[in-house]
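Have a look at the structure below, then the notes.
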Amino acid sequence: MLYFTMFASAFLAATVVPFASEITLTAALAAGGAVHWLIVVATLGNTLGAAVNWVLGRFIEHFRGRRWFPADAKQLERAQVWFRRYGVWSLLLAWAPIVGDALTVIAGAMRVHIALFLVLVAVGKGVRYVVLAFAVEGVVTP
């Protein structure tokens, strides 16, 4: 159950749903979960959640111009220009709060190849979980 909770928390945190998987990771480590398995499960869940954002971005253009659309044409164009400037390597920052979710949606809109997307996002998110887990482990264990 501990690992399922970690997966679900990480998955939700990577989508547009506000959630903090770092709290779940900290609690799971304190509960005695295996560090390496928690990192793997969190990275997998968070990466798959980001893939949901990629799919949303991939089809977002179909809804441009609708009243409920979350961004106007100018905002969308500015995001695309920014992404063209910094490129796919910016996906290594997909773990960052607020901008990370936007990056994953824009990557879908810009039609970044899904395999490249998954690799870059998994690396960035995995490194974040490794750093967090070992920082917490240093505090939790004597």
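The way I read the labels, and the way they are meant: chains A, B, ... in the order of the structure tokens, residue 1 as the first residue of every chain, and ligand 1 as the first ligand shown, with later ones counted on from there.
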Self-check item: Those of chain A in DSSP helix (DSSP H, G or I), formatted as a PyMOL selection string
Solution: chain A and resi 2-14+21-30+35-58+60-63+73-86+88-93+99-109+114-140
Quiz item: Any idea what's packed within 10 Å of A:Trp89, counting only C-alpha atoms, ignoring anything in its chain fewer than 2 positions away? Could you give it as a list in words?
Solution: Phe83, Tyr86, Gly87, Leu91, Leu92, Leu93, Ala94, Leu116, Phe117, Leu120, Val121 and Gly124 of chain A
Self-check item: Nearest to A:Asp101, chosen from A:Val40, A:Ala51, A:Ala28, A:Val35, with only C-alpha atoms counted in the distances
Solution: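 Going through A:Val40, A:Ala51, A:Ala28, A:Val35 one by one, the smallest distance to A:Asp101 is for A:Ala51.
With only C-alpha atoms as the basis for measurement, A:Ala109 is the residue among A:Thr26, A:Ala109, A:Leu44, A:Gly32 that approaches A:His62 most closely.
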Quiz item: Could you name the residues that touch A:Met110 at 9 Å or less, counting only C-alpha atoms, but leaving out those on the same chain fewer than 2 positions away, as an MDAnalysis selection string?
Solution: chainID A and resid 57:58 80 83:84 105:108 112
Exercise. For A:Ser21, please output as a ChimeraX atom specification all residues within 12 Å (counting only C-alpha atoms; exclusion window: fewer than 6 positions along the same chain).
Key: /A:5-15,27-28,38-39,41-43,45-46,49,95,97,125,128-129,132-133
Next, the residues of the selection above should be written as a PDB file, in the first residue's frame with N, CA and C atoms.
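Writing done, so here's again26.pdb:
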```
ATOM      1  N   THR A   5       0.525   4.244  -2.758  1.00  0.00           N
ATOM      2  CA  THR A   5       0.277   5.623  -2.332  1.00  0.00           C
ATOM      3  C   THR A   5       1.339   6.555  -2.905  1.00  0.00           C
ATOM      4  N   MET A   6       2.595   6.098  -2.894  1.00  0.00           N
ATOM      5  CA  MET A   6       3.676   6.909  -3.447  1.00  0.00           C
ATOM      6  C   MET A   6       3.464   7.128  -4.938  1.00  0.00           C
ATOM      7  N   PHE A   7       3.121   6.061  -5.657  1.00  0.00           N
ATOM      8  CA  PHE A   7       2.884   6.150  -7.092  1.00  0.00           C
ATOM      9  C   PHE A   7       1.740   7.120  -7.388  1.00  0.00           C
ATOM     10  N   ALA A   8       0.612   6.948  -6.710  1.00  0.00           N
ATOM     11  CA  ALA A   8      -0.558   7.793  -6.947  1.00  0.00           C
ATOM     12  C   ALA A   8      -0.262   9.253  -6.630  1.00  0.00           C
ATOM     13  N   SER A   9       0.430   9.485  -5.542  1.00  0.00           N
ATOM     14  CA  SER A   9       0.795  10.846  -5.153  1.00  0.00           C
ATOM     15  C   SER A   9       1.693  11.494  -6.197  1.00  0.00           C
ATOM     16  N   ALA A  10       2.695  10.776  -6.650  1.00  0.00           N
ATOM     17  CA  ALA A  10       3.617  11.302  -7.652  1.00  0.00           C
ATOM     18  C   ALA A  10       2.916  11.521  -8.987  1.00  0.00           C
ATOM     19  N   PHE A  11       2.028  10.601  -9.346  1.00  0.00           N
ATOM     20  CA  PHE A  11       1.281  10.740 -10.594  1.00  0.00           C
ATOM     21  C   PHE A  11       0.436  12.004 -10.565  1.00  0.00           C
ATOM     22  N   LEU A  12      -0.346  12.182  -9.506  1.00  0.00           N
ATOM     23  CA  LEU A  12      -1.207  13.358  -9.396  1.00  0.00           C
ATOM     24  C   LEU A  12      -0.407  14.654  -9.354  1.00  0.00           C
ATOM     25  N   ALA A  13       0.725  14.622  -8.661  1.00  0.00           N
ATOM     26  CA  ALA A  13       1.547  15.825  -8.536  1.00  0.00           C
ATOM     27  C   ALA A  13       2.092  16.288  -9.878  1.00  0.00           C
ATOM     28  N   ALA A  14       2.230  15.390 -10.831  1.00  0.00           N
ATOM     29  CA  ALA A  14       2.782  15.757 -12.141  1.00  0.00           C
ATOM     30  C   ALA A  14       1.727  16.260 -13.103  1.00  0.00           C
ATOM     31  N   THR A  15       0.465  16.018 -12.787  1.00  0.00           N
ATOM     32  CA  THR A  15      -0.596  16.510 -13.659  1.00  0.00           C
ATOM     33  C   THR A  15      -0.937  17.931 -13.236  1.00  0.00           C
ATOM     34  N   ALA A  27       7.025  10.991   4.193  1.00  0.00           N
ATOM     35  CA  ALA A  27       6.263  10.120   5.093  1.00  0.00           C
ATOM     36  C   ALA A  27       6.564   8.647   4.842  1.00  0.00           C
ATOM     37  N   ALA A  28       6.686   8.272   3.573  1.00  0.00           N
ATOM     38  CA  ALA A  28       6.973   6.871   3.230  1.00  0.00           C
ATOM     39  C   ALA A  28       8.361   6.460   3.713  1.00  0.00           C
ATOM     40  N   LEU A  38      11.190   3.439  -3.401  1.00  0.00           N
ATOM     41  CA  LEU A  38      10.376   4.654  -3.355  1.00  0.00           C
ATOM     42  C   LEU A  38      10.794   5.638  -4.445  1.00  0.00           C
ATOM     43  N   ILE A  39      12.085   5.748  -4.683  1.00  0.00           N
ATOM     44  CA  ILE A  39      12.580   6.631  -5.744  1.00  0.00           C
ATOM     45  C   ILE A  39      12.102   6.143  -7.110  1.00  0.00           C
ATOM     46  N   VAL A  41       9.475   4.177  -7.814  1.00  0.00           N
ATOM     47  CA  VAL A  41       8.021   4.288  -7.915  1.00  0.00           C
ATOM     48  C   VAL A  41       7.598   5.752  -8.079  1.00  0.00           C
ATOM     49  N   ALA A  42       8.215   6.643  -7.313  1.00  0.00           N
ATOM     50  CA  ALA A  42       7.894   8.072  -7.419  1.00  0.00           C
ATOM     51  C   ALA A  42       8.264   8.609  -8.802  1.00  0.00           C
ATOM     52  N   THR A  43       9.424   8.233  -9.293  1.00  0.00           N
ATOM     53  CA  THR A  43       9.862   8.700 -10.614  1.00  0.00           C
ATOM     54  C   THR A  43       8.931   8.178 -11.698  1.00  0.00           C
ATOM     55  N   GLY A  45       5.726   7.186 -11.388  1.00  0.00           N
ATOM     56  CA  GLY A  45       4.428   7.850 -11.272  1.00  0.00           C
ATOM     57  C   GLY A  45       4.467   9.280 -11.761  1.00  0.00           C
ATOM     58  N   ASN A  46       5.494  10.017 -11.381  1.00  0.00           N
ATOM     59  CA  ASN A  46       5.618  11.412 -11.768  1.00  0.00           C
ATOM     60  C   ASN A  46       5.831  11.555 -13.271  1.00  0.00           C
ATOM     61  N   GLY A  49       2.539  10.811 -15.012  1.00  0.00           N
ATOM     62  CA  GLY A  49       1.663  11.969 -14.843  1.00  0.00           C
ATOM     63  C   GLY A  49       2.024  13.078 -15.817  1.00  0.00           C
ATOM     64  N   TRP A  95      10.467  18.916 -13.238  1.00  0.00           N
ATOM     65  CA  TRP A  95      10.179  18.694 -11.814  1.00  0.00           C
ATOM     66  C   TRP A  95       9.872  19.996 -11.087  1.00  0.00           C
ATOM     67  N   PRO A  97       8.332  23.325  -9.604  1.00  0.00           N
ATOM     68  CA  PRO A  97       6.947  23.721  -9.325  1.00  0.00           C
ATOM     69  C   PRO A  97       6.436  24.739 -10.356  1.00  0.00           C
ATOM     70  N   LYS A 125      13.139  14.284 -13.102  1.00  0.00           N
ATOM     71  CA  LYS A 125      12.316  13.964 -11.942  1.00  0.00           C
ATOM     72  C   LYS A 125      13.012  12.945 -11.043  1.00  0.00           C
ATOM     73  N   ARG A 128      15.641  14.651  -8.942  1.00  0.00           N
ATOM     74  CA  ARG A 128      14.982  15.394  -7.864  1.00  0.00           C
ATOM     75  C   ARG A 128      14.608  14.474  -6.703  1.00  0.00           C
ATOM     76  N   TYR A 129      14.025  13.296  -7.016  1.00  0.00           N
ATOM     77  CA  TYR A 129      13.634  12.357  -5.955  1.00  0.00           C
ATOM     78  C   TYR A 129      14.845  11.769  -5.240  1.00  0.00           C
ATOM     79  N   LEU A 132      16.066  14.522  -2.879  1.00  0.00           N
ATOM     80  CA  LEU A 132      15.125  14.661  -1.774  1.00  0.00           C
ATOM     81  C   LEU A 132      15.201  13.467  -0.819  1.00  0.00           C
ATOM     82  N   ALA A 133      15.226  12.274  -1.365  1.00  0.00           N
ATOM     83  CA  ALA A 133      15.251  11.064  -0.525  1.00  0.00           C
ATOM     84  C   ALA A 133      16.507  11.024   0.336  1.00  0.00           C
TER      85      ALA A 133
END
```
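Here atom CA of A:Val81 and atom CA of A:Val119 stand 22.6 Å from one another.
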Exercise. For atom CA of A:Gly138 and atom CA of A:Leu118, determine how far apart the two atoms are, in Å to one decimal place.
Key: 29.6 Å
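Here the question is which of A:Leu76, A:Val88, A:Leu103, A:Leu29 gets nearest to A:Ile60 using only C-alpha atoms, and that residue is A:Leu76.
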Exercise. Figure out the distance between atom CA of A:Phe19 and atom CA of A:Arg78, please, to one decimal in Å.
Key: 26.6 Å
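Proximity of A:Met1, A:His36, A:Leu56, A:Val99 to A:Arg111, computed with only C-alpha atoms, is greatest for A:Leu56.
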Practice problem: Have a look at A:Leu2, A:Val131, A:Ala96, A:Val123 and name the one nearest to A:Ala30; count only C-alpha atoms. | Solution: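 Using only C-alpha atoms, A:Ala30 sits closest to A:Leu2.
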